[in-house]
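Trainee: This is the structure I want to talk about, given as structure tokens.
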Amino acid sequence: MGQVEQKLAELGLTLPEVAAPVAAYVPALRTGHYVMTSGQLPMVGGKLQLTGKVGAEVTADEAKDLARICALNALAAIKSVVGDLDKVEQVVKVVGFVASAPDFTGQPGVVNGTSELLGEVFGENGVHARSAVGVAVLPLDAPVEVELMVRVRD
């Protein structure tokens, strides 16, 4: 077990199996020194944890926890491409999509679930650029979807 997975274990977290794609794409793709993930939903054991809009059926705190699950799924997708998360040199970019009720404006707080986990796991190398976007609906009526881009070493 590498240092990153040890850190996850210290946080009481384990890396899940790579979530199966729900359409025609791959979970992650490497090009040169970068790995980009496809959008990761808050799936655990093949099941979406909650459905609905944040600010209506789903609270902001619940959505923040879901964003954390999305981050774990993204890390699993990255590991499936590079073999060892210790190869991650820098988290470069996080894009978070939040299925939002019309009056919900707390998207940045929701996506903090992802950003904070990456900071806990990677320290300074987890500091990243980010977008937190409110959308009308996400696949499978998921409340949150997250994609990552990381720089890796050979």
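Lettering and numbering for the structure tokens are positional, with chains as A, B, ... in the shown order, residues counted from 1 in each chain, and ligands counted from 1 in the shown order.
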So that I can see what lies close to Leu72 (chain A), please list as a list in words the residues with an atom at most 9 Å from it, counting only C-alpha atoms and leaving out residues fewer than 2 positions away in the same chain.
Mentor: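 Those residues are Leu13, Thr14, Leu15, Pro16, Gln40, Pro42, Ala67, Arg68, Ile69, Cys70, Ala74, Leu75, Ala76, Ala77, Thr114 and Leu117 of chain A.
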Trainee: Would you save the residues of that selection, restricted to C-alpha atoms, as a PDB file, in the first residue's frame?
Mentor:
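Result went into result_18.pdb, see below:
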ATOM      1  CA  LEU A  13     -11.474   5.587   3.768  1.00  0.00           C
ATOM      2  CA  THR A  14     -10.724   2.866   1.264  1.00  0.00           C
ATOM      3  CA  LEU A  15     -10.343   3.193  -2.449  1.00  0.00           C
ATOM      4  CA  PRO A  16     -13.390   1.665  -4.161  1.00  0.00           C
ATOM      5  CA  GLN A  40     -17.601  10.573 -11.415  1.00  0.00           C
ATOM      6  CA  PRO A  42     -21.423   9.357  -5.965  1.00  0.00           C
ATOM      7  CA  ALA A  67     -18.721  15.143  -3.549  1.00  0.00           C
ATOM      8  CA  ARG A  68     -16.240  13.377  -1.284  1.00  0.00           C
ATOM      9  CA  ILE A  69     -17.464  10.015  -2.631  1.00  0.00           C
ATOM     10  CA  CYS A  70     -17.068  11.359  -6.171  1.00  0.00           C
ATOM     11  CA  ALA A  74     -12.060   9.666  -9.335  1.00  0.00           C
ATOM     12  CA  LEU A  75      -8.956   8.567  -7.419  1.00  0.00           C
ATOM     13  CA  ALA A  76      -9.842   4.930  -8.129  1.00  0.00           C
ATOM     14  CA  ALA A  77     -10.163   5.778 -11.831  1.00  0.00           C
ATOM     15  CA  THR A 114     -13.865  17.050  -3.119  1.00  0.00           C
ATOM     16  CA  LEU A 117     -10.432  15.496   0.673  1.00  0.00           C
TER      17      LEU A 117
END
Trainee: Please compute the CA of Ser115 (chain A)-CA of Leu11 (chain A) distance, one decimal, in Å.
Mentor: 14.9 Å
Trainee: Between A:Val54, A:Gln3, A:Ala20, A:Met43, single out the one closest to Pro102 (chain A), counting only C-alpha atoms.
Mentor: A:Val54
Trainee: If we count only C-alpha atoms and set the cut-off at 9 Å, which residues sit around Ala60 (chain A), ignoring sequence neighbours fewer than 6 positions away in its own chain? Please answer as an mmCIF file with N, CA, C and O atoms, in the first residue's frame.
Mentor:
data_model
loop_
_atom_site.group_PDB
_atom_site.id
_atom_site.type_symbol
_atom_site.label_atom_id
_atom_site.label_comp_id
_atom_site.auth_asym_id
_atom_site.auth_seq_id
_atom_site.Cartn_x
_atom_site.Cartn_y
_atom_site.Cartn_z
ATOM 1 N N VAL A 54 -29.902 19.538 -5.188
ATOM 2 C CA VAL A 54 -29.356 20.109 -3.968
ATOM 3 C C VAL A 54 -30.115 21.404 -3.683
ATOM 4 O O VAL A 54 -30.332 22.223 -4.574
ATOM 5 N N GLY A 106 -25.138 27.541 -3.356
ATOM 6 C CA GLY A 106 -24.019 27.061 -2.545
ATOM 7 C C GLY A 106 -23.138 26.026 -3.221
ATOM 8 O O GLY A 106 -22.518 25.203 -2.539
ATOM 9 N N GLN A 107 -23.038 26.083 -4.546
ATOM 10 C CA GLN A 107 -22.233 25.093 -5.270
ATOM 11 C C GLN A 107 -20.786 25.020 -4.780
ATOM 12 O O GLN A 107 -20.252 23.915 -4.621
ATOM 13 N N GLY A 109 -19.520 25.425 -1.830
ATOM 14 C CA GLY A 109 -19.473 24.683 -0.573
ATOM 15 C C GLY A 109 -19.644 23.187 -0.778
ATOM 16 O O GLY A 109 -19.024 22.376 -0.091
ATOM 17 N N VAL A 110 -20.480 22.814 -1.735
ATOM 18 C CA VAL A 110 -20.674 21.396 -2.053
ATOM 19 C C VAL A 110 -19.381 20.802 -2.602
ATOM 20 O O VAL A 110 -18.913 19.758 -2.149
#
Trainee: Return the single residue from A:Ala56, A:Leu50, A:Ile78, A:Val88 that is closest to Glu17 (chain A), with distances computed using only C-alpha atoms.
Mentor: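 Checking each candidate against Glu17 (chain A), we get A:Ile78 as the closest.
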Trainee: I'd like to know which residues of chain A are alpha helix (DSSP H) (by DSSP, run on the backbone); could you write them as number ranges by chain?
Mentor: A: 3-10, 60-82, 107-122
Trainee: Would you save the residues of that selection, restricted to N, CA and C atoms, as a tab-separated table (two decimals), in the first residue's frame?
Mentor:
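Contents of the output file selection-v6.tsv:
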chain	number	residue	atom	x	y	z
A	3	GLN	N	1.74	5.51	0.01
A	3	GLN	CA	1.50	6.58	0.99
A	3	GLN	C	0.12	7.19	0.85
A	4	VAL	N	-0.34	7.38	-0.38
A	4	VAL	CA	-1.66	7.99	-0.58
A	4	VAL	C	-2.74	7.08	-0.03
A	5	GLU	N	-2.65	5.80	-0.32
A	5	GLU	CA	-3.67	4.87	0.19
A	5	GLU	C	-3.56	4.71	1.71
A	6	GLN	N	-2.34	4.83	2.26
A	6	GLN	CA	-2.19	4.82	3.72
A	6	GLN	C	-2.89	6.03	4.33
A	7	LYS	N	-2.74	7.18	3.68
A	7	LYS	CA	-3.39	8.41	4.17
A	7	LYS	C	-4.91	8.24	4.13
A	8	LEU	N	-5.41	7.66	3.05
A	8	LEU	CA	-6.85	7.39	2.97
A	8	LEU	C	-7.29	6.48	4.12
A	9	ALA	N	-6.51	5.44	4.39
A	9	ALA	CA	-6.83	4.52	5.48
A	9	ALA	C	-6.85	5.24	6.83
A	10	GLU	N	-5.90	6.16	7.03
A	10	GLU	CA	-5.87	6.95	8.26
A	10	GLU	C	-7.13	7.78	8.41
A	60	ALA	N	-27.27	20.63	1.37
A	60	ALA	CA	-25.90	21.01	0.99
A	60	ALA	C	-24.88	20.13	1.71
A	61	ASP	N	-25.13	19.80	2.98
A	61	ASP	CA	-24.21	18.94	3.72
A	61	ASP	C	-24.18	17.54	3.14
A	62	GLU	N	-25.34	17.00	2.78
A	62	GLU	CA	-25.38	15.68	2.14
A	62	GLU	C	-24.61	15.72	0.82
A	63	ALA	N	-24.82	16.77	0.05
A	63	ALA	CA	-24.16	16.90	-1.25
A	63	ALA	C	-22.64	17.02	-1.09
A	64	LYS	N	-22.20	17.71	-0.04
A	64	LYS	CA	-20.76	17.82	0.21
A	64	LYS	C	-20.16	16.44	0.48
A	65	ASP	N	-20.88	15.62	1.25
A	65	ASP	CA	-20.43	14.24	1.48
A	65	ASP	C	-20.41	13.44	0.18
A	66	LEU	N	-21.39	13.67	-0.68
A	66	LEU	CA	-21.44	12.99	-1.97
A	66	LEU	C	-20.26	13.40	-2.85
A	67	ALA	N	-19.87	14.67	-2.78
A	67	ALA	CA	-18.72	15.14	-3.55
A	67	ALA	C	-17.44	14.45	-3.09
A	68	ARG	N	-17.38	14.13	-1.83
A	68	ARG	CA	-16.24	13.38	-1.28
A	68	ARG	C	-16.20	11.96	-1.89
A	69	ILE	N	-17.38	11.34	-2.01
A	69	ILE	CA	-17.46	10.02	-2.63
A	69	ILE	C	-17.04	10.11	-4.09
A	70	CYS	N	-17.48	11.16	-4.77
A	70	CYS	CA	-17.07	11.36	-6.17
A	70	CYS	C	-15.55	11.44	-6.27
A	71	ALA	N	-14.92	12.12	-5.33
A	71	ALA	CA	-13.46	12.24	-5.34
A	71	ALA	C	-12.79	10.88	-5.16
A	72	LEU	N	-13.31	10.07	-4.27
A	72	LEU	CA	-12.76	8.72	-4.09
A	72	LEU	C	-12.89	7.91	-5.37
A	73	ASN	N	-14.04	8.02	-6.03
A	73	ASN	CA	-14.23	7.30	-7.29
A	73	ASN	C	-13.26	7.80	-8.36
A	74	ALA	N	-13.02	9.11	-8.37
A	74	ALA	CA	-12.06	9.67	-9.33
A	74	ALA	C	-10.65	9.16	-9.05
A	75	LEU	N	-10.28	9.09	-7.77
A	75	LEU	CA	-8.96	8.57	-7.42
A	75	LEU	C	-8.81	7.11	-7.84
A	76	ALA	N	-9.88	6.33	-7.68
A	76	ALA	CA	-9.84	4.93	-8.13
A	76	ALA	C	-9.65	4.86	-9.64
A	77	ALA	N	-10.31	5.75	-10.37
A	77	ALA	CA	-10.16	5.78	-11.83
A	77	ALA	C	-8.73	6.15	-12.22
A	78	ILE	N	-8.15	7.11	-11.51
A	78	ILE	CA	-6.76	7.50	-11.78
A	78	ILE	C	-5.83	6.33	-11.50
A	79	LYS	N	-6.02	5.65	-10.38
A	79	LYS	CA	-5.17	4.51	-10.05
A	79	LYS	C	-5.27	3.43	-11.12
A	80	SER	N	-6.45	3.24	-11.70
A	80	SER	CA	-6.61	2.21	-12.72
A	80	SER	C	-5.76	2.49	-13.95
A	81	VAL	N	-5.40	3.75	-14.15
A	81	VAL	CA	-4.59	4.14	-15.31
A	81	VAL	C	-3.09	4.16	-14.98
A	82	VAL	N	-2.73	4.63	-13.80
A	82	VAL	CA	-1.30	4.79	-13.46
A	82	VAL	C	-0.76	3.71	-12.53
A	107	GLN	N	-23.04	26.08	-4.55
A	107	GLN	CA	-22.23	25.09	-5.27
A	107	GLN	C	-20.79	25.02	-4.78
A	108	PRO	N	-20.11	26.15	-4.52
A	108	PRO	CA	-18.73	26.06	-4.04
A	108	PRO	C	-18.59	25.26	-2.74
A	109	GLY	N	-19.52	25.42	-1.83
A	109	GLY	CA	-19.47	24.68	-0.57
A	109	GLY	C	-19.64	23.19	-0.78
A	110	VAL	N	-20.48	22.81	-1.73
A	110	VAL	CA	-20.67	21.40	-2.05
A	110	VAL	C	-19.38	20.80	-2.60
A	111	VAL	N	-18.78	21.47	-3.56
A	111	VAL	CA	-17.57	20.95	-4.21
A	111	VAL	C	-16.38	20.96	-3.25
A	112	ASN	N	-16.49	21.71	-2.16
A	112	ASN	CA	-15.46	21.63	-1.12
A	112	ASN	C	-15.29	20.21	-0.60
A	113	GLY	N	-16.33	19.39	-0.69
A	113	GLY	CA	-16.20	17.99	-0.28
A	113	GLY	C	-15.08	17.30	-1.03
A	114	THR	N	-14.96	17.59	-2.31
A	114	THR	CA	-13.87	17.05	-3.12
A	114	THR	C	-12.55	17.75	-2.78
A	115	SER	N	-12.56	19.07	-2.80
A	115	SER	CA	-11.32	19.83	-2.59
A	115	SER	C	-10.69	19.55	-1.24
A	116	GLU	N	-11.50	19.48	-0.21
A	116	GLU	CA	-10.97	19.24	1.13
A	116	GLU	C	-10.36	17.85	1.25
A	117	LEU	N	-11.00	16.84	0.64
A	117	LEU	CA	-10.43	15.50	0.67
A	117	LEU	C	-9.08	15.46	-0.05
A	118	LEU	N	-9.01	16.09	-1.20
A	118	LEU	CA	-7.75	16.11	-1.95
A	118	LEU	C	-6.65	16.81	-1.15
A	119	GLY	N	-7.00	17.86	-0.43
A	119	GLY	CA	-6.04	18.54	0.43
A	119	GLY	C	-5.57	17.65	1.57
A	120	GLU	N	-6.50	16.91	2.18
A	120	GLU	CA	-6.15	16.00	3.27
A	120	GLU	C	-5.21	14.90	2.78
A	121	VAL	N	-5.45	14.41	1.59
A	121	VAL	CA	-4.69	13.28	1.07
A	121	VAL	C	-3.35	13.70	0.47
A	122	PHE	N	-3.33	14.77	-0.31
A	122	PHE	CA	-2.13	15.15	-1.05
A	122	PHE	C	-1.40	16.35	-0.47
Trainee: Between CA of Gln90 (chain A) and CA of Glu124 (chain A), what distance in Å does the model show, to one decimal?
Mentor: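 Distance reported for this atom pair: 8.3 Å.
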Trainee: Extract the full set of strand (DSSP E) residues from chain A according to DSSP on the backbone, and format it as number ranges by chain.
Mentor: A: 28-31, 34-37, 43-44, 47-48, 88-99, 129-135, 144-152
Trainee: Given the choices A:Ala101, A:Ala23, A:Val58, A:Val95, which gets closest to Pro139 (chain A) if the distance is worked out from only C-alpha atoms?
Mentor: A:Ala23
Trainee: Between A:Gly83, A:Gly46, A:Pro143, A:Gly134, which is the closest to Pro21 (chain A) once you count only C-alpha atoms?
Mentor: A:Gly46
Trainee: I want to know what sits within 10 Å of Val94 (chain A), based on only C-alpha atoms, with residues of the same chain fewer than 5 positions away left out; could you give that as a VMD selection string?
Mentor: chain A and resid 36 to 37 71 111 114 to 115 118 127 to 132 146 to 150
Trainee: Report the distance between CA of Ser100 (chain A) and CA of Gly39 (chain A) in Å, rounded to one decimal place.
Mentor: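 CA of Gly39 (chain A) lies at a distance of 16.8 Å from CA of Ser100 (chain A).
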Trainee: Show which residues sit within 12 Å of Asp154 (chain A), as a PyMOL selection string. Count only C-alpha atoms, and ignore same-chain residues fewer than 6 positions away.
Mentor: chain A and resi 30-35+81-89
